[in-house]
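Undergrad: What follows is run-v5.cif, made up of mmCIF, C-alpha atoms:
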```cif
data_entry
loop_
_atom_site.label_atom_id
_atom_site.label_comp_id
_atom_site.auth_asym_id
_atom_site.auth_seq_id
_atom_site.Cartn_x
_atom_site.Cartn_y
_atom_site.Cartn_z
CA MET A 4 126.90 71.15 113.89
CA LYS A 5 124.87 72.01 110.78
CA LYS A 6 122.97 75.29 111.01
CA GLU A 7 119.22 75.15 110.59
CA LYS A 8 118.05 77.02 107.51
CA ASP A 9 116.33 80.35 108.26
CA TRP A 10 113.30 80.23 105.96
CA ARG A 11 112.47 83.87 106.71
CA LYS A 12 115.33 84.89 104.41
CA TYR A 13 113.57 83.30 101.45
CA ARG A 14 110.05 84.67 102.03
CA MET A 15 108.73 87.80 100.42
CA ASP A 16 109.42 90.74 102.73
CA SER A 17 106.06 92.21 103.76
CA ASN A 18 107.28 95.80 104.08
CA ALA A 19 109.11 95.64 100.76
CA LEU A 20 105.97 94.27 99.10
CA LYS A 21 103.87 97.17 100.37
CA ARG A 22 106.48 99.82 99.48
CA THR A 23 106.80 98.44 95.98
CA ALA A 24 103.03 98.21 95.48
CA VAL A 25 102.65 101.86 96.50
CA ALA A 26 105.48 102.89 94.17
CA VAL A 27 103.94 100.92 91.30
CA LEU A 28 100.67 102.78 91.75
CA GLN A 29 102.58 106.05 91.65
CA TYR A 30 104.80 105.39 88.64
CA ASP A 31 103.70 102.37 86.58
CA SER A 32 101.42 103.43 83.73
CA ARG A 33 99.68 100.06 83.52
CA PHE A 34 97.94 100.90 86.82
CA SER A 35 97.15 104.52 86.01
CA ASN A 36 93.44 103.77 85.55
CA VAL A 37 93.11 102.41 89.12
CA LYS A 38 95.70 104.56 90.88
CA ASN A 39 93.23 107.01 92.42
CA GLU A 40 91.10 104.19 93.83
CA LEU A 41 93.83 101.87 95.08
CA TYR A 42 96.50 104.27 96.33
CA PRO A 43 94.65 105.52 99.46
CA ILE A 44 93.73 101.95 100.40
CA VAL A 45 97.09 100.26 99.82
CA SER A 46 99.17 103.08 101.30
CA ARG A 47 97.14 103.05 104.53
CA SER A 48 97.03 99.26 104.93
CA THR A 49 99.49 96.86 106.51
CA VAL A 50 100.74 93.84 104.56
CA ASN A 51 101.64 90.44 106.00
CA CYS A 52 103.11 87.55 104.02
CA ILE A 53 101.97 84.35 105.70
CA PRO A 54 103.71 81.05 104.79
CA GLN A 55 101.55 77.95 104.38
CA TYR A 56 102.30 74.29 105.08
CA GLU A 57 101.06 73.13 101.67
CA PHE A 58 103.54 72.64 98.86
CA THR A 59 103.18 73.94 95.33
CA THR A 60 103.87 71.66 92.35
CA LYS A 61 107.57 72.58 92.56
CA SER A 62 109.80 70.56 94.86
CA TYR A 63 110.15 72.03 98.36
CA GLN A 64 108.29 75.21 97.40
CA HIS A 65 105.53 76.30 99.79
CA TRP A 66 102.52 78.47 99.16
CA GLU A 67 102.38 81.89 100.79
CA ASP A 68 99.26 84.03 101.33
CA VAL A 69 99.38 87.81 101.35
CA GLU A 70 97.14 89.33 104.00
CA ILE A 71 96.22 92.99 103.59
CA ARG A 72 94.88 94.66 106.73
CA VAL A 73 92.71 97.56 105.60
CA PRO A 74 91.52 100.42 107.86
CA VAL A 75 87.95 99.71 108.94
CA PRO A 76 86.35 102.69 107.16
CA MET A 77 87.86 101.53 103.84
CA ILE A 78 87.23 97.78 104.05
CA SER A 79 83.94 97.83 102.10
CA LYS A 80 85.52 99.79 99.27
CA ALA A 81 88.54 97.49 99.30
CA ASN A 82 86.25 94.46 98.93
CA GLU A 83 84.65 96.09 95.90
CA LEU A 84 88.11 96.52 94.38
CA LYS A 85 89.38 93.06 95.42
CA SER A 86 90.17 91.84 91.90
CA LYS A 87 92.20 94.99 91.15
CA ILE A 88 94.11 94.66 94.41
CA ASP A 89 94.81 90.99 93.60
CA THR A 90 96.23 91.98 90.22
CA LEU A 91 98.50 94.60 91.79
CA ILE A 92 99.84 92.36 94.56
CA LYS A 93 100.46 89.38 92.26
CA TYR A 94 102.24 91.66 89.81
CA VAL A 95 104.57 92.95 92.53
CA TYR A 96 105.12 89.70 94.45
CA GLU A 97 108.56 88.12 93.86
CA GLU A 98 108.45 84.33 93.82
CA SER A 99 111.42 82.37 95.17
CA ASP A 100 112.44 78.71 95.06
CA GLU A 101 110.96 78.35 98.54
CA TYR A 102 107.73 80.38 98.29
CA ALA A 103 105.05 81.34 95.77
CA ILE A 104 101.94 83.44 96.21
CA ARG A 105 98.68 81.53 96.55
CA ASP A 106 96.05 84.04 97.59
CA VAL A 107 95.47 87.65 98.58
CA GLU A 108 93.19 88.12 101.59
CA LEU A 109 91.59 91.37 102.73
CA ARG A 110 91.06 91.74 106.46
CA PRO A 111 90.17 94.70 108.72
CA LYS A 112 93.09 96.43 110.37
CA ILE A 113 93.28 95.54 114.04
CA ILE A 114 91.65 98.07 116.36
CA ASP A 115 94.35 99.55 118.57
CA SER A 116 92.15 99.94 121.65
CA ASP A 117 88.59 99.39 122.81
CA VAL A 118 85.80 101.53 121.39
CA SER A 119 83.11 102.39 123.91
CA LEU A 120 79.85 100.89 122.68
CA GLU A 121 76.76 102.71 123.88
CA VAL A 122 74.16 100.81 121.85
CA SER A 123 73.88 97.73 119.72
CA ASN A 124 71.44 98.47 116.91
CA SER A 125 69.71 95.91 114.77
CA VAL A 126 69.48 98.17 111.74
CA LYS A 127 71.53 97.38 108.68
CA PHE A 128 73.95 100.29 109.07
CA ASP A 129 74.69 99.95 112.78
CA ARG A 130 77.79 100.79 114.79
CA ILE A 131 78.65 103.73 112.54
CA GLN A 132 80.25 105.44 115.52
CA ASP A 133 82.85 102.65 115.69
CA VAL A 134 83.72 103.11 112.01
CA ILE A 135 84.18 106.86 112.49
CA VAL A 136 86.37 106.23 115.53
CA GLN A 137 88.62 104.01 113.43
CA GLY A 138 88.72 106.62 110.67
CA ILE A 139 89.87 109.21 113.20
CA ARG A 140 92.51 106.85 114.60
CA ASP A 141 93.71 106.06 111.09
CA ALA A 142 94.46 109.75 110.39
CA ARG A 143 98.09 110.81 110.14
CA TYR A 144 98.02 114.51 109.24
CA LEU A 145 94.61 116.20 109.32
CA ILE A 146 90.93 115.69 110.06
CA TRP A 147 88.31 118.13 108.78
CA VAL A 148 84.79 117.62 110.12
CA ALA A 149 81.63 119.32 108.88
CA VAL A 150 78.52 118.18 110.75
CA ALA A 151 75.33 120.05 111.55
CA TRP A 152 75.04 118.53 115.03
CA PHE A 153 78.03 117.57 117.20
CA SER A 154 77.37 116.47 120.79
CA ASN A 155 79.08 113.06 120.89
CA GLU A 156 81.71 113.08 123.66
CA ILE A 157 83.38 109.89 122.41
CA LEU A 158 84.07 111.34 118.97
CA TYR A 159 85.19 114.62 120.54
CA GLN A 160 87.71 112.76 122.72
CA GLU A 161 89.05 110.84 119.72
CA LEU A 162 89.64 114.14 117.90
CA LEU A 163 91.32 115.57 121.00
CA ASN A 164 93.68 112.59 121.16
CA LYS A 165 94.68 113.23 117.56
CA LYS A 166 95.21 116.93 118.22
CA GLU A 167 97.58 115.98 121.02
CA ASP A 168 99.45 113.86 118.46
CA GLY A 169 99.99 117.05 116.43
CA LEU A 170 97.32 116.65 113.74
CA ASN A 171 95.43 119.59 112.28
CA ILE A 172 91.79 119.39 113.42
CA ARG A 173 89.13 121.67 111.95
CA VAL A 174 85.43 121.51 112.77
CA ILE A 175 82.41 123.21 111.18
CA VAL A 176 79.07 122.96 113.00
CA SER A 177 75.67 124.57 112.69
CA ASN A 178 74.50 127.05 115.31
CA GLU A 179 72.11 124.69 117.09
CA ASP A 180 70.90 124.69 120.69
CA SER A 181 71.79 121.01 121.05
CA ASN A 182 75.43 121.79 120.19
CA GLN A 183 75.90 124.29 123.01
CA ALA A 184 76.93 121.84 125.74
CA LEU A 185 79.98 120.54 123.86
CA LEU A 186 80.67 123.59 121.69
CA PRO A 187 82.86 125.51 124.20
CA LYS A 188 85.30 122.57 124.39
CA ILE A 189 85.30 122.17 120.60
CA GLN A 190 86.07 125.87 120.14
CA GLU A 191 88.75 125.84 122.81
CA ASN A 192 90.64 122.85 121.44
CA PHE A 193 90.12 122.87 117.68
CA GLU A 194 89.98 125.31 114.80
CA CYS A 195 86.21 125.70 114.77
CA VAL A 196 83.62 127.81 113.00
CA VAL A 197 79.90 127.95 113.74
CA VAL A 198 77.59 128.49 110.76
CA PRO A 199 74.60 130.71 111.57
CA HIS A 200 71.08 130.07 110.31
CA THR A 201 70.15 132.01 107.21
CA GLY A 202 67.06 132.87 105.18
CA LYS A 203 64.14 135.22 105.73
CA TRP A 204 62.91 133.30 108.77
CA GLY A 205 66.30 132.11 109.96
CA THR A 206 65.43 128.47 109.36
CA ASN A 207 67.98 127.59 106.69
CA ARG A 208 70.95 125.77 108.18
CA MET A 209 74.19 124.06 107.23
CA HIS A 210 73.21 120.41 106.93
CA ASP A 211 76.44 118.67 105.89
CA LYS A 212 77.71 115.48 107.53
CA PHE A 213 81.19 114.56 106.33
CA CYS A 214 84.70 113.97 107.63
CA ILE A 215 87.85 114.29 105.51
CA VAL A 216 90.86 112.22 106.57
CA ASP A 217 94.30 113.32 105.33
CA LEU A 218 92.75 114.47 102.01
CA ASP A 219 92.81 110.75 101.17
CA TYR A 220 89.22 109.73 101.83
CA ILE A 221 85.85 110.97 103.10
CA MET A 222 83.32 109.44 105.47
CA HIS A 223 79.92 110.90 104.67
CA GLY A 224 76.22 110.07 104.91
CA SER A 225 73.22 110.80 107.13
CA TYR A 226 74.97 110.30 110.48
CA ASN A 227 75.27 113.34 112.78
CA TRP A 228 77.89 113.22 115.53
CA THR A 229 75.34 112.88 118.35
CA LYS A 230 74.41 110.20 120.85
CA ALA A 231 70.89 110.07 119.41
CA ALA A 232 72.25 109.12 115.98
CA ASN A 233 73.38 105.78 117.44
CA TYR A 234 69.75 104.82 117.91
CA ASN A 235 68.66 105.71 114.38
CA GLY A 236 68.91 103.86 111.09
CA GLU A 237 71.74 105.95 109.63
CA THR A 238 74.13 105.50 106.71
CA LEU A 239 77.86 106.10 106.32
CA VAL A 240 79.84 105.80 103.10
CA THR A 241 83.62 105.91 102.70
CA THR A 242 84.84 107.40 99.42
CA VAL A 243 88.42 107.20 98.17
CA ASP A 244 87.90 108.94 94.82
CA ARG A 245 90.52 111.70 94.64
CA GLU A 246 88.38 114.08 92.57
CA LEU A 247 85.45 113.75 94.97
CA VAL A 248 87.75 114.20 97.98
CA ARG A 249 89.06 117.38 96.36
CA ASN A 250 85.52 118.67 95.81
CA PHE A 251 84.59 118.03 99.44
CA ALA A 252 87.80 119.73 100.62
CA ASP A 253 87.08 122.77 98.43
CA GLU A 254 83.56 123.01 99.85
CA PHE A 255 84.91 122.66 103.39
CA LEU A 256 87.38 125.51 102.88
CA LYS A 257 84.69 127.75 101.38
CA MET A 258 82.42 127.22 104.39
CA TYR A 259 85.29 127.55 106.83
CA ASN A 260 86.65 130.80 105.39
CA ARG A 261 83.19 132.30 104.86
CA ASN A 262 82.25 131.83 108.52
CA ARG A 263 85.51 132.62 110.33
#
```
I need this file expressed as structure tokens, please.
TA:
Amino acid sequence: MKKEKDWRKYRMDSNALKRTAVAVLQYDSRFSNVKNELYPIVSRSTVNCIPQYEFTTKSYQHWEDVEIRVPVPMISKANELKSKIDTLIKYVYEESDEYAIRDVELRPKIIDSDVSLEVSNSVKFDRIQDVIVQGIRDARYLIWVAVAWFSNEILYQELLNKKEDGLNIRVIVSNEDSNQALLPKIQENFECVVVPHTGKWGTNRMHDKFCIVDLDYIMHGSYNWTKAANYNGETLVTTVDRELVRNFADEFLKMYNRNR
């Protein structure tokens, strides 16, 4: 009896495609000008090669789409860089007699479990809490948080889950009355410093709102880690620029060490 042909042997291997794309960004000089932008995105994404029914112009050769699942906090930036990602993937992709690349599609990485939704805002920048949750879940090594106000139990629990996975969690908060309810648990479970008010009248305060993930990218904007922030028109930006990430990390360490 004749064996049926296993077409999977002739498709581009998804894991090999990702590994090669990451290596190209590291070592191929033709991508040196986009390395700092693309590396955090590609290295943290999953890649799926999806065969299509349609044939190319070559006999018995099918099209294949490459789907890149990007972590939610980075999807907007990835869309901005879509043409550069296309160039990288099509450069790396190895065509066979059976398959050729047709398109590169960017999709959000699948959420691994439900996010508790407390509100559904109509403002343009809504559901920021959900994006931060996915940024925390995407972390592999460390999470450094500097926020003036931190009273959001959901975000606290997400950090605690990551600590239990062995990640380094550091938190900087301002010395605010509204932080006192959650602060004991933050101090007990994470490396935490509290920044006192300064100035002649004691009204100057640390007012930062940013979160560094693995020294790869930053989530920053106007959003404090409070329940009340979910009802406001807040902003959150994800930045993958290595130099800017370094600057934020340097500032975090200065504040952390100054207030220990």
Undergrad: May I have a table of the residues of range 112-226 of chain A lying at most 8 Å from range 244-252 of chain A, giving each one's closest pair of atoms and their distance in Å to one decimal, counting all atoms listed in the file, ordered by chain and ascending residue number, as CSV?
TA:
```
residue,atom,partner,partner_atom,distance
A:Ile215,CA,A:Ala252,CA,7.3
A:Leu218,CA,A:Val248,CA,6.4
A:Asp219,CA,A:Val248,CA,6.9
A:Tyr220,CA,A:Val248,CA,6.1
A:Ile221,CA,A:Val248,CA,6.3
```
Undergrad: Which residues fall under the PyMOL selection byres ((chain A and resi 66) around 7) in this file, as an MDAnalysis selection string?
TA: chainID A and resid 54:55 57:59 64:65 67:68 102:105
Undergrad: What lies within 12 Å of Lys166 in chain A using only C-alpha atoms, ignoring chain neighbours under 3 positions off, as a ChimeraX atom specification?
TA: /A:139-140,142-147,159-163,169-173,189,191-194
Undergrad: Using C-alpha atoms, can you export the residues from the last selection as a PDB file, in the coordinates of the input?
TA:
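Below is the file that was written, out.pdb:
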```
ATOM      1  CA  ILE A 139      89.870 109.210 113.200  1.00  0.00           C
ATOM      2  CA  ARG A 140      92.510 106.850 114.600  1.00  0.00           C
ATOM      3  CA  ALA A 142      94.460 109.750 110.390  1.00  0.00           C
ATOM      4  CA  ARG A 143      98.090 110.810 110.140  1.00  0.00           C
ATOM      5  CA  TYR A 144      98.020 114.510 109.240  1.00  0.00           C
ATOM      6  CA  LEU A 145      94.610 116.200 109.320  1.00  0.00           C
ATOM      7  CA  ILE A 146      90.930 115.690 110.060  1.00  0.00           C
ATOM      8  CA  TRP A 147      88.310 118.130 108.780  1.00  0.00           C
ATOM      9  CA  TYR A 159      85.190 114.620 120.540  1.00  0.00           C
ATOM     10  CA  GLN A 160      87.710 112.760 122.720  1.00  0.00           C
ATOM     11  CA  GLU A 161      89.050 110.840 119.720  1.00  0.00           C
ATOM     12  CA  LEU A 162      89.640 114.140 117.900  1.00  0.00           C
ATOM     13  CA  LEU A 163      91.320 115.570 121.000  1.00  0.00           C
ATOM     14  CA  GLY A 169      99.990 117.050 116.430  1.00  0.00           C
ATOM     15  CA  LEU A 170      97.320 116.650 113.740  1.00  0.00           C
ATOM     16  CA  ASN A 171      95.430 119.590 112.280  1.00  0.00           C
ATOM     17  CA  ILE A 172      91.790 119.390 113.420  1.00  0.00           C
ATOM     18  CA  ARG A 173      89.130 121.670 111.950  1.00  0.00           C
ATOM     19  CA  ILE A 189      85.300 122.170 120.600  1.00  0.00           C
ATOM     20  CA  GLU A 191      88.750 125.840 122.810  1.00  0.00           C
ATOM     21  CA  ASN A 192      90.640 122.850 121.440  1.00  0.00           C
ATOM     22  CA  PHE A 193      90.120 122.870 117.680  1.00  0.00           C
ATOM     23  CA  GLU A 194      89.980 125.310 114.800  1.00  0.00           C
TER      24      GLU A 194
END
```
Undergrad: Go through A:Ala232, A:Ile71, A:Val198, A:Ile78 and flag the residue nearest Val134 in chain A, using only C-alpha atoms for the distances.
TA: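 Of all the options, A:Ile78 lies closest to Val134 in chain A.
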Undergrad: Selected by the PyMOL selection byres ((chain A and resi 261) around 12) in the shown coordinates: which residues, as a list of chain:residue names?
TA: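 So the PyMOL selection byres ((chain A and resi 261) around 12) ends up selecting A:Ile175, A:Val196, A:Val197, A:Val198, A:Pro199, A:Glu254, A:Phe255, A:Leu256, A:Lys257, A:Met258, A:Tyr259, A:Asn260, A:Asn262, A:Arg263.
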Undergrad: Evaluated on this file, the PyMOL selection byres ((chain A and resi 108) around 7) picks out some residues - which ones are they, written as number ranges by chain?
TA: A: 69-71, 106-107, 109-110
Undergrad: Which residue out of A:Glu40, A:Cys52, A:Asp253, A:Lys165 has the minimum interatomic distance to Glu98 in chain A when all atoms listed in the file are used?
TA: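 Closest to Glu98 in chain A of all the choices is A:Cys52.
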Undergrad: Point out the residue among A:Asn18, A:Ser86, A:Thr60, A:Asn235 with the least atom-to-atom distance to Val37 in chain A, counting all atoms listed in the file.
TA: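 Nearest to Val37 in chain A: A:Ser86.
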Undergrad: Counting all atoms listed in the file, which of A:Glu237, A:Asp89, A:Asp168, A:Asp141 gets nearest to Ser48 in chain A?
TA: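 Once distances to Ser48 in chain A are computed over all atoms listed in the file, the minimum belongs to A:Asp141.
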Undergrad: Out of A:Lys38, A:Lys61, A:Lys87, A:Lys212, which residue has the shortest atom-to-atom distance to Ala149 in chain A when counting only C-alpha atoms?
TA: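 Nearest candidate to Ala149 in chain A out of A:Lys38, A:Lys61, A:Lys87, A:Lys212: A:Lys212.
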Undergrad: Quick one: of A:Leu84, A:Val95, A:Leu185, A:Leu28, who's nearest to Asp16 in chain A, counting all atoms listed in the file?
TA: A:Val95
